[in-house]
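> My file is protein15.cif. It has mmCIF, C-alpha atoms:
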```cif
data_work
#
loop_
_atom_site.label_atom_id
_atom_site.label_comp_id
_atom_site.auth_asym_id
_atom_site.auth_seq_id
_atom_site.Cartn_x
_atom_site.Cartn_y
_atom_site.Cartn_z
CA MET G 114 10.31 11.70 93.60
CA ARG G 115 9.15 13.86 90.69
CA CYS G 116 8.13 12.10 87.48
CA PRO G 117 10.65 12.91 84.71
CA PHE G 118 7.90 12.72 82.09
CA CYS G 119 5.03 14.83 83.45
CA GLY G 120 6.53 16.51 86.53
CA ASN G 121 4.04 14.98 88.98
CA ASP G 122 5.43 15.12 92.54
CA ASP G 123 3.67 11.96 93.73
CA THR G 124 5.24 8.81 92.27
CA GLN G 125 5.06 5.33 93.76
CA VAL G 126 7.85 2.82 94.39
CA LYS G 127 6.88 -0.52 92.84
CA ASP G 128 10.09 -2.47 93.51
CA SER G 129 13.34 -1.90 95.45
CA ARG G 130 16.45 -4.03 95.38
CA PRO G 131 20.18 -3.57 95.93
CA THR G 132 22.52 -3.32 92.96
CA GLU G 133 24.82 -6.29 92.34
CA ASP G 134 27.71 -4.75 94.27
CA ASN G 135 25.43 -3.49 97.07
CA SER G 136 26.59 0.09 96.54
CA ALA G 137 23.10 1.44 95.78
CA ILE G 138 19.39 0.72 95.95
CA ARG G 139 17.62 0.43 92.59
CA ARG G 140 14.00 1.54 92.72
CA ARG G 141 11.39 0.98 89.99
CA ARG G 142 8.82 3.78 90.16
CA PHE G 143 5.40 4.39 88.66
CA CYS G 144 3.63 7.70 88.04
CA PRO G 145 -0.13 7.44 88.63
CA GLU G 146 -0.65 10.71 86.73
CA CYS G 147 0.78 9.73 83.34
CA GLY G 148 1.34 5.98 83.80
CA SER G 149 5.09 6.15 83.08
CA ARG G 150 7.63 3.87 84.72
CA PHE G 151 11.23 4.86 85.52
CA THR G 152 14.19 3.77 87.64
CA THR G 153 16.06 5.69 90.32
CA PHE G 154 19.20 4.82 92.27
CA GLU G 155 19.86 5.73 95.88
CA ARG G 156 23.54 5.89 96.91
CA VAL G 157 25.42 6.85 100.05
CA GLN G 158 27.21 10.16 99.70
CA LEU G 159 29.84 10.70 102.39
CA ARG G 160 30.63 14.31 101.56
CA ASP G 161 30.05 16.94 98.91
CA LEU G 162 33.06 16.95 96.62
CA VAL G 163 34.20 19.92 94.55
CA VAL G 164 36.38 19.52 91.46
CA VAL G 165 39.07 22.16 90.99
CA LYS G 166 39.74 22.56 87.27
CA ARG G 167 43.11 23.55 85.77
CA THR G 168 41.78 27.09 85.30
CA GLY G 169 41.01 27.33 89.01
CA LYS G 170 37.27 27.14 88.42
CA ARG G 171 35.35 24.98 90.88
CA ALA G 172 32.44 22.70 90.01
CA PRO G 173 30.48 20.12 92.01
CA PHE G 174 31.71 16.56 91.48
CA ASP G 175 29.38 14.70 89.11
CA ARG G 176 29.44 10.92 89.38
CA ASP G 177 27.47 10.61 86.14
CA LYS G 178 30.07 12.68 84.27
CA LEU G 179 32.79 10.33 85.55
CA ALA G 180 30.77 7.32 84.37
CA ARG G 181 30.13 8.92 80.95
CA SER G 182 33.82 9.62 80.38
CA LEU G 183 34.62 5.98 81.14
CA GLN G 184 31.77 4.81 78.88
CA ILE G 185 33.10 6.90 76.01
CA ALA G 186 36.58 5.41 76.38
CA LEU G 187 35.10 1.91 76.61
CA ARG G 188 32.68 2.30 73.68
CA LYS G 189 32.55 -0.91 71.62
CA ARG G 190 35.00 -2.64 73.98
CA PRO G 191 34.25 -6.02 75.60
CA VAL G 192 33.77 -4.70 79.14
CA GLU G 193 30.56 -5.49 81.04
CA ASN G 194 28.51 -2.67 82.58
CA GLU G 195 28.93 -4.28 86.01
CA ARG G 196 32.73 -3.92 85.80
CA LEU G 197 32.36 -0.32 84.68
CA GLU G 198 30.03 0.38 87.63
CA ARG G 199 32.53 -1.21 90.04
CA VAL G 200 35.30 1.02 88.67
CA VAL G 201 33.15 4.14 89.06
CA ASN G 202 32.20 3.13 92.61
CA SER G 203 35.82 2.47 93.47
CA ILE G 204 36.98 5.88 92.21
CA VAL G 205 34.14 7.68 94.03
CA ARG G 206 34.89 5.80 97.28
CA ARG G 207 38.58 6.68 97.03
CA LEU G 208 37.75 10.35 96.45
CA GLU G 209 35.22 10.49 99.30
CA SER G 210 37.51 8.70 101.74
CA SER G 211 40.53 10.89 100.89
CA GLY G 212 39.40 13.40 103.50
CA GLU G 213 39.55 16.24 101.00
CA THR G 214 36.49 18.11 99.81
CA GLU G 215 38.29 19.87 96.94
CA ILE G 216 39.79 17.46 94.42
CA PRO G 217 42.02 18.62 91.54
CA ALA G 218 40.63 17.51 88.17
CA ALA G 219 44.08 16.16 87.30
CA GLN G 220 43.89 13.75 90.26
CA ILE G 221 40.58 12.37 89.00
CA GLY G 222 42.04 12.06 85.49
CA LEU G 223 44.98 10.05 86.81
CA MET G 224 42.65 7.76 88.76
CA VAL G 225 40.61 7.15 85.61
CA MET G 226 43.76 6.43 83.59
CA GLU G 227 44.98 3.98 86.24
CA ALA G 228 41.61 2.20 86.27
CA LEU G 229 41.43 2.01 82.46
CA ARG G 230 44.99 0.74 82.23
CA ASN G 231 43.94 -2.26 84.34
CA LEU G 232 40.56 -2.65 82.61
CA ASP G 233 41.19 -2.32 78.86
CA PRO G 234 44.35 -1.19 77.02
CA VAL G 235 42.48 0.31 74.05
CA ALA G 236 40.22 2.37 76.31
CA TYR G 237 43.33 3.45 78.21
CA VAL G 238 44.94 4.82 75.04
CA ARG G 239 41.66 6.47 73.95
CA TYR G 240 41.27 8.26 77.28
CA ALA G 241 44.96 9.22 77.38
CA SER G 242 44.72 10.72 73.90
CA VAL G 243 42.16 13.23 75.16
CA TYR G 244 43.54 13.63 78.69
CA LYS G 245 47.09 14.26 77.46
CA ASN G 246 45.84 16.23 74.45
CA PHE G 247 47.56 14.26 71.69
CA ARG G 248 47.93 16.42 68.58
CA GLU G 249 49.76 14.17 66.10
CA ALA G 250 50.15 10.49 65.29
CA LYS G 251 53.65 10.53 66.78
CA ASP G 252 52.12 11.44 70.16
CA PHE G 253 50.24 8.14 69.99
CA GLU G 254 53.38 6.29 68.91
CA GLU G 255 55.39 7.67 71.83
CA PHE G 256 52.65 6.89 74.35
CA VAL G 257 52.10 3.34 73.07
CA GLY G 258 55.89 2.85 73.01
CA LYS G 259 56.03 3.76 76.70
CA ILE G 260 53.22 1.32 77.43
CA ASP G 261 55.10 -1.44 75.58
CA GLN G 262 58.27 -0.68 77.59
CA ASP G 263 56.34 -0.80 80.84
CA MET G 264 54.82 -4.16 79.89
CA GLU G 265 58.10 -5.87 78.93
CA PRO G 266 59.12 -8.61 81.37
CA VAL G 267 62.12 -7.82 83.55
CA GLU G 268 65.03 -10.24 83.15
CA ASP G 269 66.96 -11.43 86.21
#
```
Would you write out, as structure tokens, the structure that this file holds?


Amino acid sequence: MRCPFCGNDDTQVKDSRPTEDNSAIRRRRFCPECGSRFTTFERVQLRDLVVVKRTGKRAPFDRDKLARSLQIALRKRPVENERLERVVNSIVRRLESSGETEIPAAQIGLMVMEALRNLDPVAYVRYASVYKNFREAKDFEEFVGKIDQDMEPVED
């Protein structure tokens, strides 16, 4: 593994352990050249996924980009990093096990919205505001109104 600080190709693993959900191996590394320490993660990748954007453009699936988009929606919300990591792992597993190698970006967006809806209602509205391209305050009002209707208990 190349050192991210000095570019040395020969780094040493000092400690390896599984992540809490056993979905990856966390490795603490040391660079003998510059003395820096850093962490890497090793994960199983079942297949190479390609995201098909609305424009038709194709891009390699980026797990870190998925995690960042969730982190942005969850900024300053009371959700632990472990729960966020479980959500990311769940979405990636579902995508990899779908049998498809080309995944429409809209499908990923809907999976993220579904996950956020169950995780944190404020993050759900934040993500939806970007995903659905809200332009005015009334767009928020209509969306939140639909959420409220969906949450109302059904009478017998």

> For this structure, which residues satisfy the selection - the PyMOL selection byres ((chain G and resi 174) around 7) - when it is evaluated on the file as given? I want them as a list in words.

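That selection, the PyMOL selection byres ((chain G and resi 174) around 7), comes back as Leu162, Val163, Val164, Ala172, Pro173, Asp175 and Arg176 of chain G.
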
> For the structure provided, state which residues fall under the PyMOL selection byres ((chain G and resi 156) around 8), and present them as a list in words.

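On this input, the PyMOL selection byres ((chain G and resi 156) around 8) captures Ser136, Ala137, Ile138, Phe154, Glu155, Val157 and Gln158 of chain G.
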
> Write the residues of the preceding selection, restricted to C-alpha atoms, as an mmCIF file, in the frame of the given file.


```
data_model
loop_
_atom_site.group_PDB
_atom_site.id
_atom_site.type_symbol
_atom_site.label_atom_id
_atom_site.label_comp_id
_atom_site.auth_asym_id
_atom_site.auth_seq_id
_atom_site.Cartn_x
_atom_site.Cartn_y
_atom_site.Cartn_z
ATOM 1 C CA SER G 136 26.590 0.090 96.540
ATOM 2 C CA ALA G 137 23.100 1.440 95.780
ATOM 3 C CA ILE G 138 19.390 0.720 95.950
ATOM 4 C CA PHE G 154 19.200 4.820 92.270
ATOM 5 C CA GLU G 155 19.860 5.730 95.880
ATOM 6 C CA VAL G 157 25.420 6.850 100.050
ATOM 7 C CA GLN G 158 27.210 10.160 99.700
#
```

> With only C-alpha atoms as the basis for distance, which of G:Lys251, G:Arg115, G:Arg188, G:Arg171 is at the shortest distance from G:Thr152?

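The shortest atom-to-atom distance to G:Thr152 comes from G:Arg115.
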
> Between atom CA of G:Leu232 and atom CA of G:Phe247, what distance in Å does the model show, to one decimal?

21.3 Å

> What is the atom CA of G:Lys245-atom CA of G:Arg167 distance in Å, reported with one decimal?

13.1 Å

> How big is the axis-aligned box, and where does its centre sit, when it encloses all atoms of stretch 168-186 of chain G listed in the file and has 8 Å added on every side, reported in Å to one decimal as JSON?


```
{"center_x": 34.6, "center_y": 16.1, "center_z": 84.0, "size_x": 30.3, "size_y": 38.5, "size_z": 32.0}
```

> Can you list what the PyMOL selection byres ((chain G and resi 120-130) around 10) grabs from this structure, as an MDAnalysis selection string?

chainID G and resid 114:119 131:133 135 137:154

> Tell me which of G:Ala241, G:Asp134, G:Leu229, G:Val165 sits closest to G:Glu215, counting all atoms listed in the file.

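Looking at the shortest contact to G:Glu215, the residue is G:Val165.
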
> For a test of reading the model, state the distance in Å between atom CA of G:Ala250 and atom CA of G:Val238, rounded to one decimal.

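Here the two named atoms are 12.4 Å from each other.
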
> Which residue out of G:Lys170, G:Arg239, G:Arg206, G:Asp161 has the minimum interatomic distance to G:Gln184 when all atoms listed in the file are used?

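Between G:Lys170, G:Arg239, G:Arg206, G:Asp161, the residue approaching G:Gln184 most closely is G:Arg239.
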
> With only C-alpha atoms as the atoms that count, which of G:Val192, G:Phe256, G:Ala186, G:Leu197 lies nearest to G:Tyr237?

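Nearest to G:Tyr237: G:Ala186.
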
> Can you rebuild stretch 234-245 of chain G with all heavy atoms and give it as a PDB file, in the frame of the given file?


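Listing of out-v9.pdb after writing:
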```
ATOM      1  N   PRO G 234      43.263  -2.002  77.566  1.00  0.00           N
ATOM      2  CA  PRO G 234      44.350  -1.190  77.020  1.00  0.00           C
ATOM      3  C   PRO G 234      43.926  -0.220  75.912  1.00  0.00           C
ATOM      4  O   PRO G 234      44.469   0.877  75.807  1.00  0.00           O
ATOM      5  CB  PRO G 234      45.359  -2.223  76.484  1.00  0.00           C
ATOM      6  CG  PRO G 234      44.630  -3.517  76.427  1.00  0.00           C
ATOM      7  CD  PRO G 234      43.481  -3.430  77.378  1.00  0.00           C
ATOM      8  N   VAL G 235      42.939  -0.594  75.114  1.00  0.00           N
ATOM      9  CA  VAL G 235      42.480   0.310  74.050  1.00  0.00           C
ATOM     10  C   VAL G 235      41.773   1.513  74.654  1.00  0.00           C
ATOM     11  O   VAL G 235      42.008   2.656  74.254  1.00  0.00           O
ATOM     12  CB  VAL G 235      41.567  -0.440  73.044  1.00  0.00           C
ATOM     13  CG1 VAL G 235      40.937   0.522  72.059  1.00  0.00           C
ATOM     14  CG2 VAL G 235      42.362  -1.517  72.307  1.00  0.00           C
ATOM     15  N   ALA G 236      40.921   1.269  75.631  1.00  0.00           N
ATOM     16  CA  ALA G 236      40.220   2.370  76.310  1.00  0.00           C
ATOM     17  C   ALA G 236      41.226   3.274  77.010  1.00  0.00           C
ATOM     18  O   ALA G 236      41.057   4.497  77.042  1.00  0.00           O
ATOM     19  CB  ALA G 236      39.213   1.817  77.304  1.00  0.00           C
ATOM     20  N   TYR G 237      42.266   2.682  77.553  1.00  0.00           N
ATOM     21  CA  TYR G 237      43.330   3.450  78.210  1.00  0.00           C
ATOM     22  C   TYR G 237      43.983   4.425  77.233  1.00  0.00           C
ATOM     23  O   TYR G 237      44.142   5.609  77.526  1.00  0.00           O
ATOM     24  CB  TYR G 237      44.357   2.470  78.785  1.00  0.00           C
ATOM     25  CG  TYR G 237      45.599   3.092  79.367  1.00  0.00           C
ATOM     26  CD1 TYR G 237      45.519   3.994  80.416  1.00  0.00           C
ATOM     27  CD2 TYR G 237      46.853   2.742  78.883  1.00  0.00           C
ATOM     28  CE1 TYR G 237      46.667   4.544  80.969  1.00  0.00           C
ATOM     29  CE2 TYR G 237      48.000   3.282  79.429  1.00  0.00           C
ATOM     30  CZ  TYR G 237      47.907   4.182  80.466  1.00  0.00           C
ATOM     31  OH  TYR G 237      49.044   4.720  81.000  1.00  0.00           O
ATOM     32  N   VAL G 238      44.313   3.956  76.049  1.00  0.00           N
ATOM     33  CA  VAL G 238      44.940   4.820  75.040  1.00  0.00           C
ATOM     34  C   VAL G 238      43.937   5.872  74.555  1.00  0.00           C
ATOM     35  O   VAL G 238      44.296   7.043  74.378  1.00  0.00           O
ATOM     36  CB  VAL G 238      45.486   3.986  73.859  1.00  0.00           C
ATOM     37  CG1 VAL G 238      45.970   4.880  72.731  1.00  0.00           C
ATOM     38  CG2 VAL G 238      46.618   3.084  74.334  1.00  0.00           C
ATOM     39  N   ARG G 239      42.693   5.491  74.363  1.00  0.00           N
ATOM     40  CA  ARG G 239      41.660   6.470  73.950  1.00  0.00           C
ATOM     41  C   ARG G 239      41.554   7.603  74.963  1.00  0.00           C
ATOM     42  O   ARG G 239      41.551   8.779  74.606  1.00  0.00           O
ATOM     43  CB  ARG G 239      40.296   5.795  73.848  1.00  0.00           C
ATOM     44  CG  ARG G 239      40.083   4.953  72.645  1.00  0.00           C
ATOM     45  CD  ARG G 239      38.693   4.349  72.736  1.00  0.00           C
ATOM     46  NE  ARG G 239      38.404   3.489  71.604  1.00  0.00           N
ATOM     47  CZ  ARG G 239      37.370   2.671  71.552  1.00  0.00           C
ATOM     48  NH1 ARG G 239      36.521   2.596  72.565  1.00  0.00           N
ATOM     49  NH2 ARG G 239      37.168   1.925  70.500  1.00  0.00           N
ATOM     50  N   TYR G 240      41.426   7.244  76.234  1.00  0.00           N
ATOM     51  CA  TYR G 240      41.270   8.260  77.280  1.00  0.00           C
ATOM     52  C   TYR G 240      42.535   9.129  77.367  1.00  0.00           C
ATOM     53  O   TYR G 240      42.451  10.351  77.457  1.00  0.00           O
ATOM     54  CB  TYR G 240      40.988   7.598  78.634  1.00  0.00           C
ATOM     55  CG  TYR G 240      40.670   8.594  79.713  1.00  0.00           C
ATOM     56  CD1 TYR G 240      39.377   9.059  79.887  1.00  0.00           C
ATOM     57  CD2 TYR G 240      41.660   9.089  80.553  1.00  0.00           C
ATOM     58  CE1 TYR G 240      39.070   9.983  80.859  1.00  0.00           C
ATOM     59  CE2 TYR G 240      41.372  10.017  81.530  1.00  0.00           C
ATOM     60  CZ  TYR G 240      40.071  10.458  81.686  1.00  0.00           C
ATOM     61  OH  TYR G 240      39.788  11.381  82.648  1.00  0.00           O
ATOM     62  N   ALA G 241      43.690   8.480  77.301  1.00  0.00           N
ATOM     63  CA  ALA G 241      44.960   9.220  77.380  1.00  0.00           C
ATOM     64  C   ALA G 241      45.101  10.196  76.227  1.00  0.00           C
ATOM     65  O   ALA G 241      45.644  11.290  76.402  1.00  0.00           O
ATOM     66  CB  ALA G 241      46.133   8.244  77.399  1.00  0.00           C
ATOM     67  N   SER G 242      44.593   9.838  75.062  1.00  0.00           N
ATOM     68  CA  SER G 242      44.720  10.720  73.900  1.00  0.00           C
ATOM     69  C   SER G 242      44.003  12.043  74.126  1.00  0.00           C
ATOM     70  O   SER G 242      44.458  13.094  73.684  1.00  0.00           O
ATOM     71  CB  SER G 242      44.217  10.046  72.630  1.00  0.00           C
ATOM     72  OG  SER G 242      42.811   9.932  72.658  1.00  0.00           O
ATOM     73  N   VAL G 243      42.895  11.996  74.846  1.00  0.00           N
ATOM     74  CA  VAL G 243      42.160  13.230  75.160  1.00  0.00           C
ATOM     75  C   VAL G 243      42.768  13.895  76.385  1.00  0.00           C
ATOM     76  O   VAL G 243      43.028  15.094  76.397  1.00  0.00           O
ATOM     77  CB  VAL G 243      40.658  12.912  75.394  1.00  0.00           C
ATOM     78  CG1 VAL G 243      39.914  14.151  75.851  1.00  0.00           C
ATOM     79  CG2 VAL G 243      40.049  12.361  74.125  1.00  0.00           C
ATOM     80  N   TYR G 244      43.033  13.111  77.429  1.00  0.00           N
ATOM     81  CA  TYR G 244      43.540  13.630  78.690  1.00  0.00           C
ATOM     82  C   TYR G 244      44.900  14.322  78.497  1.00  0.00           C
ATOM     83  O   TYR G 244      45.154  15.390  79.031  1.00  0.00           O
ATOM     84  CB  TYR G 244      43.657  12.494  79.710  1.00  0.00           C
ATOM     85  CG  TYR G 244      44.178  12.927  81.044  1.00  0.00           C
ATOM     86  CD1 TYR G 244      43.373  13.662  81.910  1.00  0.00           C
ATOM     87  CD2 TYR G 244      45.461  12.604  81.448  1.00  0.00           C
ATOM     88  CE1 TYR G 244      43.843  14.065  83.143  1.00  0.00           C
ATOM     89  CE2 TYR G 244      45.937  13.003  82.680  1.00  0.00           C
ATOM     90  CZ  TYR G 244      45.120  13.740  83.524  1.00  0.00           C
ATOM     91  OH  TYR G 244      45.603  14.137  84.740  1.00  0.00           O
ATOM     92  N   LYS G 245      45.755  13.698  77.698  1.00  0.00           N
ATOM     93  CA  LYS G 245      47.090  14.260  77.460  1.00  0.00           C
ATOM     94  C   LYS G 245      47.139  15.144  76.223  1.00  0.00           C
ATOM     95  O   LYS G 245      48.199  15.621  75.835  1.00  0.00           O
ATOM     96  CB  LYS G 245      48.124  13.130  77.364  1.00  0.00           C
ATOM     97  CG  LYS G 245      48.293  12.393  78.679  1.00  0.00           C
ATOM     98  CD  LYS G 245      49.399  11.388  78.586  1.00  0.00           C
ATOM     99  CE  LYS G 245      49.635  10.693  79.885  1.00  0.00           C
ATOM    100  NZ  LYS G 245      50.436  11.443  80.822  1.00  0.00           N
TER     101      LYS G 245
END
```
